[in-house]
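Participant: As input, take start-v7.cif (mmCIF, C-alpha atoms):
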```
data_model
#
loop_
_atom_site.label_atom_id
_atom_site.label_comp_id
_atom_site.auth_asym_id
_atom_site.auth_seq_id
_atom_site.Cartn_x
_atom_site.Cartn_y
_atom_site.Cartn_z
CA MET A 29 135.05 78.09 85.43
CA LYS A 30 132.78 78.85 82.45
CA TYR A 31 131.27 75.35 82.55
CA ILE A 32 130.83 75.48 86.33
CA LEU A 33 128.81 78.71 86.03
CA ILE A 34 126.67 77.23 83.27
CA ALA A 35 126.03 74.13 85.37
CA LEU A 36 125.04 76.23 88.39
CA LEU A 37 122.70 78.41 86.38
CA THR A 38 121.14 75.40 84.69
CA SER A 39 120.58 73.56 87.94
CA ALA A 40 119.01 76.64 89.47
CA LEU A 41 116.26 76.46 86.87
CA PHE A 42 115.11 73.18 88.38
CA ILE A 43 115.02 74.33 92.03
CA PRO A 44 111.31 74.44 92.93
CA ASN A 45 109.97 77.77 94.22
CA ILE A 46 107.60 76.85 97.00
CA TYR A 47 105.92 80.25 96.85
CA ALA A 48 105.91 80.71 93.04
CA GLU A 49 102.33 81.91 93.54
CA VAL A 50 101.04 82.90 96.94
CA THR A 51 97.32 82.26 97.09
CA TYR A 52 94.55 83.10 99.50
CA SER A 53 93.42 79.51 99.88
CA GLU A 54 96.82 77.97 100.62
CA HIS A 55 98.81 80.71 102.34
CA ILE A 56 96.81 83.77 103.37
CA ALA A 57 93.56 82.35 104.76
CA PRO A 58 95.33 80.32 107.50
CA ILE A 59 97.19 83.46 108.65
CA LEU A 60 94.02 85.57 108.78
CA GLN A 61 92.15 82.82 110.60
CA ARG A 62 94.84 82.43 113.24
CA GLU A 63 95.84 86.05 113.83
CA CYS A 64 93.08 88.37 112.58
CA GLN A 65 89.59 86.93 112.78
CA SER A 66 89.28 87.23 116.55
CA CYS A 67 88.68 90.95 115.87
CA HIS A 68 88.01 91.05 112.12
CA ARG A 69 84.65 89.30 112.05
CA GLN A 70 81.03 90.37 112.12
CA GLY A 71 80.05 92.14 115.32
CA GLU A 72 83.58 92.57 116.65
CA VAL A 73 85.66 95.70 117.19
CA ALA A 74 87.53 95.75 113.86
CA PRO A 75 85.99 97.98 111.15
CA PHE A 76 85.66 95.19 108.54
CA PRO A 77 85.60 91.38 108.47
CA LEU A 78 88.36 89.18 107.04
CA THR A 79 86.41 85.96 107.07
CA ASP A 80 86.17 85.31 103.33
CA TYR A 81 88.09 85.84 100.13
CA GLY A 82 86.03 88.78 98.88
CA HIS A 83 86.64 90.98 101.91
CA SER A 84 90.29 89.92 102.17
CA LYS A 85 91.00 90.77 98.52
CA ALA A 86 89.28 94.15 98.89
CA TRP A 87 91.61 95.05 101.76
CA ALA A 88 94.74 93.28 100.46
CA THR A 89 96.79 96.47 99.99
CA GLU A 90 96.00 97.71 103.49
CA ILE A 91 96.65 94.29 105.02
CA ALA A 92 100.08 94.25 103.38
CA GLU A 93 100.91 97.79 104.52
CA TYR A 94 99.80 97.34 108.11
CA THR A 95 101.47 93.97 108.58
CA LYS A 96 104.71 95.23 107.02
CA GLU A 97 104.75 98.08 109.55
CA ARG A 98 103.82 95.56 112.27
CA LEU A 99 100.81 97.65 113.22
CA MET A 100 98.66 94.56 112.76
CA PRO A 101 98.04 92.23 114.40
CA PRO A 102 98.21 94.54 117.41
CA TRP A 103 101.00 93.15 119.55
CA LYS A 104 103.28 95.69 121.19
CA PRO A 105 105.98 93.74 123.13
CA ALA A 106 109.24 93.49 121.17
CA SER A 107 110.63 90.06 120.40
CA GLY A 108 113.38 88.88 122.76
CA TYR A 109 112.14 90.80 125.82
CA GLY A 110 110.01 88.28 127.67
CA GLU A 111 107.91 85.38 126.40
CA PHE A 112 104.16 85.85 126.74
CA LYS A 113 100.96 83.88 126.40
CA ASN A 114 98.63 84.57 123.47
CA GLU A 115 101.24 86.38 121.39
CA ARG A 116 99.87 87.91 118.20
CA ARG A 117 102.95 88.10 116.04
CA LEU A 118 103.62 87.33 112.36
CA THR A 119 106.92 85.89 111.16
CA ASP A 120 109.01 87.68 108.56
CA LYS A 121 108.08 84.92 106.08
CA GLU A 122 104.36 85.43 106.70
CA ILE A 123 104.67 89.19 106.24
CA GLN A 124 106.53 88.67 102.97
CA MET A 125 103.89 86.21 101.75
CA ILE A 126 101.14 88.75 102.43
CA SER A 127 103.13 91.43 100.59
CA ASP A 128 103.71 89.14 97.58
CA TRP A 129 100.05 88.13 97.54
CA ALA A 130 98.82 91.73 97.52
CA ALA A 131 101.36 92.72 94.86
CA SER A 132 100.10 89.88 92.61
CA ASP A 133 96.49 91.13 92.71
CA ALA A 134 95.57 88.76 95.54
CA PRO A 135 95.05 85.46 93.67
CA ALA A 136 92.37 83.22 95.14
CA GLY A 137 93.76 79.75 94.52
CA ASP A 138 91.39 76.85 95.06
CA LEU A 139 88.68 78.34 97.28
CA THR A 140 87.22 74.89 97.91
CA ALA A 141 90.45 74.05 99.75
CA VAL A 142 90.21 76.97 102.22
CA PRO A 143 90.24 75.60 105.78
CA PRO A 144 87.03 76.26 107.73
CA ASN A 145 87.11 79.44 109.77
CA PRO A 146 87.67 78.92 113.50
CA LYS A 147 84.59 78.76 115.68
CA PHE A 148 84.68 81.50 118.26
CA PRO A 149 82.74 81.13 121.48
CA GLU A 150 79.25 82.58 121.47
CA GLY A 151 78.69 84.58 124.61
CA TRP A 152 81.31 83.98 127.30
CA ALA A 153 84.73 82.99 125.94
CA LEU A 154 85.51 80.85 129.00
CA GLY A 155 82.09 79.30 129.41
CA GLU A 156 79.34 80.31 131.81
CA PRO A 157 80.80 82.46 134.64
CA ASP A 158 80.44 81.65 138.31
CA HIS A 159 79.04 85.14 138.89
CA ILE A 160 77.95 87.94 136.54
CA VAL A 161 77.99 91.63 137.43
CA GLU A 162 76.32 94.17 135.17
CA MET A 163 75.87 97.92 134.99
CA PRO A 164 72.72 98.68 137.05
CA VAL A 165 71.06 100.54 134.15
CA GLU A 166 71.57 101.13 130.45
CA TYR A 167 73.59 104.31 129.98
CA GLU A 168 73.06 106.84 127.18
CA ILE A 169 76.17 108.37 125.59
CA GLU A 170 75.69 111.75 123.92
CA PRO A 171 76.89 112.13 120.31
CA GLU A 172 79.36 115.00 120.76
CA GLY A 173 81.94 116.12 123.31
CA GLU A 174 85.06 114.89 125.05
CA ASP A 175 85.66 111.22 125.83
CA GLU A 176 83.91 110.20 129.03
CA TYR A 177 85.29 108.07 131.87
CA ARG A 178 82.13 106.99 133.70
CA HIS A 179 82.07 104.69 136.72
CA PHE A 180 79.22 102.38 137.69
CA ILE A 181 78.89 100.89 141.19
CA ILE A 182 77.88 97.23 141.55
CA PRO A 183 77.62 95.75 145.08
CA THR A 184 78.87 92.18 145.54
CA ASN A 185 77.57 91.23 149.01
CA PHE A 186 79.61 88.03 149.35
CA ASP A 187 79.82 86.64 152.91
CA THR A 188 83.56 86.03 152.67
CA ASP A 189 86.59 87.07 150.67
CA MET A 190 86.53 85.53 147.20
CA TYR A 191 89.40 84.66 144.88
CA VAL A 192 88.90 85.42 141.19
CA GLN A 193 90.98 83.35 138.79
CA SER A 194 89.73 84.97 135.60
CA VAL A 195 87.57 87.85 134.40
CA ASP A 196 85.73 88.17 131.08
CA VAL A 197 84.44 91.65 130.23
CA GLN A 198 81.62 91.96 127.69
CA PRO A 199 81.25 95.53 126.43
CA GLY A 200 77.60 96.26 125.76
CA ASN A 201 78.29 98.50 122.75
CA ARG A 202 81.67 98.16 121.06
CA LYS A 203 81.04 101.15 118.83
CA THR A 204 81.38 103.47 121.80
CA VAL A 205 83.23 101.50 124.54
CA HIS A 206 86.99 102.13 124.34
CA HIS A 207 88.01 100.16 127.43
CA VAL A 208 86.72 98.81 130.75
CA ILE A 209 88.62 98.51 134.04
CA VAL A 210 87.22 96.69 137.08
CA TYR A 211 88.17 98.48 140.32
CA LEU A 212 87.34 97.50 143.91
CA ASP A 213 86.10 99.85 146.64
CA THR A 214 85.71 98.89 150.31
CA LYS A 215 85.37 102.43 151.73
CA GLY A 216 82.13 103.57 150.10
CA GLN A 217 83.89 106.41 148.28
CA ALA A 218 82.42 105.50 144.91
CA ARG A 219 78.89 105.55 146.35
CA GLN A 220 79.47 109.08 147.64
CA LEU A 221 80.60 110.25 144.20
CA ASP A 222 77.62 108.49 142.62
CA ALA A 223 75.23 110.36 144.94
CA GLN A 224 76.71 113.69 143.81
CA ASP A 225 76.28 112.97 140.08
CA PRO A 226 72.80 113.38 138.55
CA LYS A 227 73.46 110.67 135.95
CA PRO A 228 73.97 106.94 136.64
CA GLY A 229 77.36 106.38 138.26
CA TYR A 230 79.84 109.22 138.30
CA VAL A 231 82.36 110.73 135.92
CA THR A 232 86.00 111.72 136.40
CA GLU A 233 88.00 114.20 134.36
CA GLY A 234 91.05 111.99 134.20
CA THR A 235 91.77 108.33 133.62
CA GLY A 236 91.71 107.28 137.29
CA PRO A 237 88.67 106.06 139.26
CA GLY A 238 88.71 109.03 141.65
CA ILE A 239 88.81 106.75 144.72
CA ASP A 240 91.35 104.89 146.84
CA ALA A 241 90.74 101.59 145.11
CA VAL A 242 91.88 98.54 147.09
CA GLY A 243 92.58 96.57 143.95
CA THR A 244 91.43 95.61 140.50
CA LEU A 245 90.10 92.54 138.73
CA GLY A 246 91.59 93.45 135.36
CA GLY A 247 89.71 94.82 132.39
CA TRP A 248 89.13 94.89 128.65
CA ALA A 249 90.39 96.80 125.63
CA PRO A 250 90.05 96.08 121.88
CA GLY A 251 91.85 92.86 121.01
CA VAL A 252 92.21 91.69 124.60
CA THR A 253 91.12 88.14 125.31
CA PRO A 254 90.37 86.97 128.85
CA SER A 255 93.39 85.42 130.52
CA VAL A 256 93.33 82.84 133.27
CA LEU A 257 95.65 83.02 136.26
CA PRO A 258 97.48 79.80 137.15
CA ASP A 259 95.59 77.29 139.29
CA GLY A 260 95.94 78.26 142.92
CA VAL A 261 96.26 82.03 142.29
CA GLY A 262 93.49 84.63 142.37
CA TYR A 263 92.63 88.30 142.60
CA ILE A 264 91.22 89.06 146.05
CA LEU A 265 87.61 90.24 145.98
CA PRO A 266 87.15 91.44 149.57
CA LYS A 267 83.99 90.63 151.49
CA GLY A 268 81.41 93.37 150.97
CA ALA A 269 83.41 95.22 148.33
CA ASP A 270 81.78 97.31 145.64
CA ILE A 271 82.86 96.68 142.07
CA VAL A 272 83.47 99.99 140.32
CA LEU A 273 83.21 99.50 136.59
CA GLN A 274 85.12 102.23 134.77
CA VAL A 275 83.92 102.50 131.17
CA HIS A 276 85.77 104.82 128.77
CA TYR A 277 83.32 106.03 126.10
CA TYR A 278 84.11 107.44 122.68
CA ARG A 279 81.70 109.87 121.02
CA THR A 280 80.48 108.50 117.69
CA GLY A 281 78.38 111.41 116.40
CA ASN A 282 75.23 109.45 117.26
CA ILE A 283 73.38 108.76 120.48
CA GLU A 284 74.65 105.41 121.78
CA HIS A 285 73.53 103.11 124.58
CA ASP A 286 75.60 100.70 126.65
CA ARG A 287 75.14 98.18 129.41
CA SER A 288 78.42 96.34 129.85
CA ARG A 289 78.85 93.34 132.11
CA VAL A 290 81.59 91.21 133.63
CA GLY A 291 81.85 87.47 134.21
CA LEU A 292 83.81 86.30 137.25
CA TYR A 293 85.41 82.86 137.50
CA PHE A 294 86.40 81.87 141.02
CA SER A 295 89.37 79.79 142.06
CA LYS A 296 88.44 76.15 142.61
CA THR A 297 91.50 75.09 144.65
CA GLU A 298 91.39 74.51 148.40
CA GLU A 299 94.24 76.93 149.00
CA THR A 300 94.54 80.03 146.80
CA ALA A 301 97.48 82.39 146.88
CA PRO A 302 96.51 86.05 146.57
CA LEU A 303 97.78 87.96 143.56
CA HIS A 304 99.73 91.08 144.54
CA ILE A 305 99.95 94.05 142.19
CA GLY A 306 103.02 96.21 142.67
CA ALA A 307 104.45 98.91 140.46
CA ALA A 308 107.64 100.60 139.37
CA ILE A 309 106.29 104.12 139.29
CA ASN A 310 107.59 107.68 138.89
CA ASP A 311 105.15 110.54 139.49
CA LYS A 312 107.79 113.27 139.94
CA PHE A 313 108.72 114.37 136.45
CA MET A 314 108.09 117.24 134.06
CA ILE A 315 108.56 116.73 130.32
CA PRO A 316 109.89 119.96 128.77
CA ALA A 317 107.98 121.43 125.84
CA GLY A 318 109.68 120.49 122.58
CA ASP A 319 111.74 117.60 123.98
CA ALA A 320 111.38 114.67 121.56
CA LYS A 321 113.07 112.02 123.72
CA TYR A 322 112.71 112.79 127.41
CA ALA A 323 113.76 109.90 129.65
CA VAL A 324 111.94 108.98 132.87
CA HIS A 325 113.19 106.26 135.23
CA ALA A 326 111.29 104.26 137.86
CA HIS A 327 112.35 101.56 140.33
CA GLU A 328 110.82 98.96 142.63
CA LYS A 329 112.37 96.41 145.01
CA VAL A 330 111.07 92.86 145.39
CA GLU A 331 110.78 92.35 149.16
CA ARG A 332 110.00 88.61 149.22
CA ASP A 333 110.83 85.62 147.06
CA SER A 334 108.17 85.88 144.38
CA TYR A 335 106.98 84.67 141.03
CA LEU A 336 106.18 87.35 138.48
CA LEU A 337 103.11 86.30 136.48
CA ALA A 338 102.44 89.35 134.32
CA THR A 339 103.29 92.98 133.71
CA MET A 340 101.46 96.00 132.32
CA PRO A 341 103.33 99.14 131.22
CA HIS A 342 101.30 102.36 131.27
CA MET A 343 101.84 105.81 129.79
CA HIS A 344 99.61 108.33 128.03
CA LEU A 345 99.75 110.08 124.66
CA LEU A 346 103.35 111.35 124.74
CA GLY A 347 104.82 107.91 125.47
CA ARG A 348 107.14 106.57 122.78
CA ASP A 349 108.87 103.51 124.29
CA ILE A 350 109.20 101.71 127.60
CA GLN A 351 111.38 98.90 128.93
CA ILE A 352 111.34 97.01 132.23
CA GLU A 353 114.17 94.84 133.56
CA ALA A 354 114.75 92.79 136.71
CA LYS A 355 118.18 92.62 138.37
CA PRO A 356 118.40 89.76 140.91
CA PRO A 357 120.99 90.00 143.70
CA THR A 358 123.09 87.46 141.79
CA GLY A 359 123.11 86.39 138.18
CA ASP A 360 122.27 88.17 134.97
CA PRO A 361 119.55 90.79 134.50
CA ILE A 362 116.19 89.53 133.19
CA SER A 363 114.41 91.42 130.43
CA LEU A 364 110.73 91.61 131.40
CA ILE A 365 109.23 93.62 128.53
CA ARG A 366 110.04 96.23 125.92
CA ILE A 367 107.59 98.26 123.86
CA GLN A 368 109.29 100.29 121.16
CA ASP A 369 106.24 101.94 119.58
CA TRP A 370 103.90 102.82 122.43
CA ASP A 371 100.24 103.34 121.53
CA PHE A 372 97.84 104.58 124.20
CA ASN A 373 94.97 102.86 122.40
CA TRP A 374 96.55 99.38 122.60
CA GLN A 375 97.32 98.48 126.20
CA ASP A 376 97.20 95.06 127.80
CA ILE A 377 98.24 92.95 130.75
CA TYR A 378 100.95 90.67 129.38
CA HIS A 379 101.04 87.23 131.05
CA TYR A 380 104.28 85.27 130.88
CA ARG A 381 104.31 81.79 129.42
CA LYS A 382 106.25 80.66 132.50
CA PRO A 383 106.22 82.44 135.88
CA ILE A 384 109.52 84.24 136.46
CA PHE A 385 111.16 83.59 139.84
CA LEU A 386 112.48 86.81 141.41
CA PRO A 387 114.30 86.38 144.73
CA ALA A 388 114.01 88.90 147.53
CA GLY A 389 116.19 91.89 146.87
CA THR A 390 115.61 91.90 143.11
CA GLN A 391 115.63 95.44 141.73
CA ILE A 392 113.06 96.31 139.06
CA SER A 393 114.14 99.14 136.80
CA LEU A 394 112.03 100.94 134.22
CA ILE A 395 113.03 103.47 131.58
CA ALA A 396 110.52 105.27 129.39
CA HIS A 397 110.87 107.96 126.75
CA PHE A 398 108.34 110.67 125.92
CA ASP A 399 107.98 112.82 122.81
CA ASN A 400 106.68 116.30 123.68
CA SER A 401 107.60 117.84 120.34
CA ALA A 402 105.31 119.45 117.79
CA GLU A 403 106.24 116.64 115.39
CA ASN A 404 104.50 114.04 117.57
CA PRO A 405 101.07 113.58 115.93
CA ALA A 406 99.66 112.22 119.21
CA ASN A 407 100.66 115.34 121.18
CA PRO A 408 97.39 116.84 122.48
CA HIS A 409 99.00 120.25 123.06
CA ASP A 410 99.47 122.68 120.16
CA PRO A 411 101.88 124.27 120.71
CA PRO A 412 103.62 121.88 123.16
CA VAL A 413 103.63 122.79 126.86
CA PRO A 414 105.48 121.21 129.80
CA VAL A 415 103.64 118.05 130.86
CA GLY A 416 103.85 116.25 134.19
CA TRP A 417 102.04 113.54 136.12
CA GLY A 418 98.25 113.66 136.18
CA ASP A 419 95.00 111.70 135.77
CA LYS A 420 93.86 113.41 132.58
CA THR A 421 94.68 111.81 129.25
CA THR A 422 96.44 115.07 128.32
CA ASP A 423 98.69 114.65 131.41
CA GLU A 424 101.25 111.84 131.64
CA MET A 425 102.02 108.76 133.69
CA CYS A 426 104.97 106.39 133.96
CA ILE A 427 104.09 103.02 135.52
CA GLY A 428 105.12 99.42 135.18
CA PHE A 429 102.47 97.33 136.95
CA LEU A 430 103.82 94.01 138.27
CA TYR A 431 101.62 91.00 139.03
CA PHE A 432 103.27 88.90 141.79
CA VAL A 433 102.52 85.87 143.90
CA ASP A 434 104.56 84.89 146.97
CA ALA A 435 106.88 81.96 146.21
CA ASP A 436 106.14 80.26 149.54
CA LYS A 437 102.43 80.10 148.65
CA PHE A 438 102.66 79.05 145.01
CA GLN A 439 104.68 76.57 143.00
CA PRO A 440 104.31 76.71 139.22
CA LYS A 441 103.54 73.52 137.35
CA LYS A 442 106.42 71.99 135.43
CA GLN A 443 106.12 72.60 131.70
#
```
Could I get this structure in the form of structure tokens?
Facilitator:
Amino acid sequence: MKYILIALLTSALFIPNIYAEVTYSEHIAPILQRECQSCHRQGEVAPFPLTDYGHSKAWATEIAEYTKERLMPPWKPASGYGEFKNERRLTDKEIQMISDWAASDAPAGDLTAVPPNPKFPEGWALGEPDHIVEMPVEYEIEPEGEDEYRHFIIPTNFDTDMYVQSVDVQPGNRKTVHHVIVYLDTKGQARQLDAQDPKPGYVTEGTGPGIDAVGTLGGWAPGVTPSVLPDGVGYILPKGADIVLQVHYYRTGNIEHDRSRVGLYFSKTEETAPLHIGAAINDKFMIPAGDAKYAVHAHEKVERDSYLLATMPHMHLLGRDIQIEAKPPTGDPISLIRIQDWDFNWQDIYHYRKPIFLPAGTQISLIAHFDNSAENPANPHDPPVPVGWGDKTTDEMCIGFLYFVDADKFQPKKQ
């Protein structure tokens, strides 16, 4: 036994350690290029660039801490609960490499061997749009005060219904624009609200558009890249509809100016199936003051054979976690999405890699938990008070938006 142990120990000395030294050039730069530079580059939303060794070394400790906690890159869906396009997720091995690199004083390696940084599109990420809509005027944002949800009306004046396959939102000033949502109005309600507001557009106290919107064309938030619906599917842009551009503005302490715009890409197929947006929603709840894990349930029934293309969970500041599941009439339940560490500032529409077939009669169930305790640092109420449904950020919501297309009008491509 003694000689066996000696032999094992001796042989172990000759086993090569692939990551004896983790370097920026060989290991870290490719990770930052793939997962971080879309935001962490000059002129983008992140507070500092990670496009060279100097900046990356300066922030090495923070990069290690934030990736270890899986706060960066910002990707909220938990692994194993749905497979999505454009996932921003590091492997355990990559996280460990970053940690080892930072702990070793961030060695450079051979900087001449660093792969070239990716080339990001200048201007429109998807190429020149078919149609561009823009805020009618430049808007001035005052330096102090509450966040502002301002809505700008843009007529479309198309002669027929249009089908929009993709939308690319370009915030005019990323220092102050928190998010943009593109709503549709066919009743003239937004114009009435605009006429009553002395400033351009109109403002609402809450997070909603203040109108009976007939639909949406999507939106933008930090880190969101434009997604393209499958060929043959499109958002309906009704004939004569007004686009209502909701822009959520931060106050920066300085006077800011913004003129955001949106690029529309129309469906090019002869026959286009309309995208339907449903929701598992519960607006009849009251979260008791002090309750750290209050559960809220919501349900929705799929009426027709459908393909589910995407989902978007939505809560406000007290949200802690949310999970959505589909239960077909026969067969096993299907996990659609789970977010375990909800963050109001990082919301997205999550598109599935493959459309999910849901037969008629499928039950959609949602469960969400809210933390209304004093220990929740995101709680806007001090001391906590009972909180129910409402449009204000300090109110709450519980919604699972569901992006469907009828199965008899769309057949996904084989992958």
Participant: At what distance in Å, to one decimal, does atom CA of A:Met163 lie from atom CA of A:Ile271?
Facilitator: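 Distance between the two atoms: 10.0 Å.
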Participant: I want to know what sits within 7 Å of A:His159, based on all atoms listed in the file, with residues of the same chain fewer than 6 positions away left out; could you give that as a list in words?
Facilitator: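 Selected residues are Gly291, Leu292 and Tyr293 of chain A.
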Participant: Name the residues that the PyMOL selection byres ((chain A and resi 365-370) around 8) pulls out of this structure, and write them as a list in words.
Facilitator: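 So the PyMOL selection byres ((chain A and resi 365-370) around 8) ends up selecting Lys104, Pro105, Ala106, Tyr109, Gly110, Thr339, Gly347, Arg348, Asp349, Ile350, Gln351, Ile352, Glu353, Ser363, Leu364, Asp371 and Phe372 of chain A.
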Participant: At a cut-off of 7 Å around the point (94.9, 81.7, 98.1) (file coordinates), what residues fall inside when counting only C-alpha atoms? I'd like the answer as a ChimeraX atom specification.
Facilitator: /A:50-57,135-138
Participant: Quick one: residues within 10 Å of A:Ala338, all atoms listed in the file counted, chain neighbours fewer than 3 positions away excluded, as a short mmCIF file (atom, residue, chain, number, x, y, z; two decimals) with C-alpha atoms, keeping the file's coordinate frame?
Facilitator:
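Produced file around.cif, reproduced below:
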```cif
data_model
loop_
_atom_site.label_atom_id
_atom_site.label_comp_id
_atom_site.auth_asym_id
_atom_site.auth_seq_id
_atom_site.Cartn_x
_atom_site.Cartn_y
_atom_site.Cartn_z
CA PHE A 112 104.16 85.85 126.74
CA LYS A 113 100.96 83.88 126.40
CA LEU A 257 95.65 83.02 136.26
CA ILE A 305 99.95 94.05 142.19
CA TYR A 335 106.98 84.67 141.03
CA LEU A 364 110.73 91.61 131.40
CA ILE A 365 109.23 93.62 128.53
CA ILE A 377 98.24 92.95 130.75
CA TYR A 378 100.95 90.67 129.38
CA HIS A 379 101.04 87.23 131.05
CA TYR A 380 104.28 85.27 130.88
CA ARG A 381 104.31 81.79 129.42
CA LYS A 382 106.25 80.66 132.50
CA PRO A 383 106.22 82.44 135.88
CA ILE A 384 109.52 84.24 136.46
CA PHE A 429 102.47 97.33 136.95
CA LEU A 430 103.82 94.01 138.27
CA TYR A 431 101.62 91.00 139.03
CA PHE A 432 103.27 88.90 141.79
#
```
Participant: Out of A:Ala317, A:Leu265, A:Ile126, A:Ala308, which residue has the shortest atom-to-atom distance to A:Tyr94 when counting all atoms listed in the file?
Facilitator: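 That would be A:Ile126, the residue with the smallest distance to A:Tyr94.
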Participant: Any chance you could work out the residue set of the PyMOL selection byres ((chain A and resi 385) around 10) here, as a PyMOL selection string?
Facilitator: chain A and resi 333-337+356+382-384+386-388+390+432-435+440
Participant: Measuring atom to atom with only C-alpha atoms, identify which of A:Pro341, A:Pro357, A:Pro101, A:Gly243 is nearest to A:Ala326.
Facilitator: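 Selected residue with least distance to A:Ala326: A:Pro341.
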Participant: Just want the 12 Å neighbourhood of stretch 141-157 of chain A, counted on only C-alpha atoms, with same-chain residues fewer than 4 positions away dropped. Output as JSON, numbers by chain.
Facilitator: {"A": [51, 52, 53, 54, 55, 56, 57, 58, 59, 60, 61, 62, 63, 64, 65, 66, 67, 68, 69, 70, 71, 72, 78, 79, 80, 81, 136, 137, 161, 192, 193, 194, 195, 196, 197, 198, 199, 200, 252, 253, 254, 255, 256, 289, 290, 291, 292, 293, 294, 295]}
Participant: In Å, with one decimal, what is the gap from atom CA of A:Leu394 to atom CA of A:Gly359?
Facilitator: 18.7 Å
Participant: Using all atoms listed in the file, can you list as a PyMOL selection string the residues within 12 Å of (86.2, 92.2, 148.5)?
Facilitator: chain A and resi 182-192+211-215+241-245+263-272
Participant: Suppose you want the space between atom CA of A:Glu115 and atom CA of A:His342; what is it in Å?
Facilitator: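 These atoms are spaced 18.8 Å apart.
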Participant: Could you spell out the hits of the PyMOL selection byres ((chain A and resi 133) around 10) on the shown file, as a PyMOL selection string?
Facilitator: chain A and resi 51+85-86+88-89+128-132+134-136
Participant: Keeping C-alpha atoms for every residue in the selection just given, could you write it to a file as a PDB file, keeping the file's coordinate frame?
Facilitator:
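For reference, out-v4.pdb as written:
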```
ATOM      1  CA  THR A  51      97.320  82.260  97.090  1.00  0.00           C
ATOM      2  CA  LYS A  85      91.000  90.770  98.520  1.00  0.00           C
ATOM      3  CA  ALA A  86      89.280  94.150  98.890  1.00  0.00           C
ATOM      4  CA  ALA A  88      94.740  93.280 100.460  1.00  0.00           C
ATOM      5  CA  THR A  89      96.790  96.470  99.990  1.00  0.00           C
ATOM      6  CA  ASP A 128     103.710  89.140  97.580  1.00  0.00           C
ATOM      7  CA  TRP A 129     100.050  88.130  97.540  1.00  0.00           C
ATOM      8  CA  ALA A 130      98.820  91.730  97.520  1.00  0.00           C
ATOM      9  CA  ALA A 131     101.360  92.720  94.860  1.00  0.00           C
ATOM     10  CA  SER A 132     100.100  89.880  92.610  1.00  0.00           C
ATOM     11  CA  ALA A 134      95.570  88.760  95.540  1.00  0.00           C
ATOM     12  CA  PRO A 135      95.050  85.460  93.670  1.00  0.00           C
ATOM     13  CA  ALA A 136      92.370  83.220  95.140  1.00  0.00           C
TER      14      ALA A 136
END
```
Participant: With all atoms listed in the file as the basis for distance, which of A:Arg287, A:Arg279, A:Lys203, A:Lys227 is at the shortest distance from A:Val165?
Facilitator: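 Using all atoms listed in the file, the shortest distance to A:Val165 belongs to A:Arg287.
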Participant: Counting all atoms listed in the file, which residue out of A:Glu299, A:Glu93, A:Asp225, A:Asp311 sits closest to A:Met343?
Facilitator: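 So, comparing all the options, the nearest one is A:Asp311.
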Participant: Rank A:Gly416, A:Pro258, A:Gly389, A:Gly108 by their smallest atom-to-atom distance to A:Lys312, using all atoms listed in the file, and report the top residue only.
Facilitator: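 Closest to A:Lys312, using all atoms listed in the file: A:Gly416.
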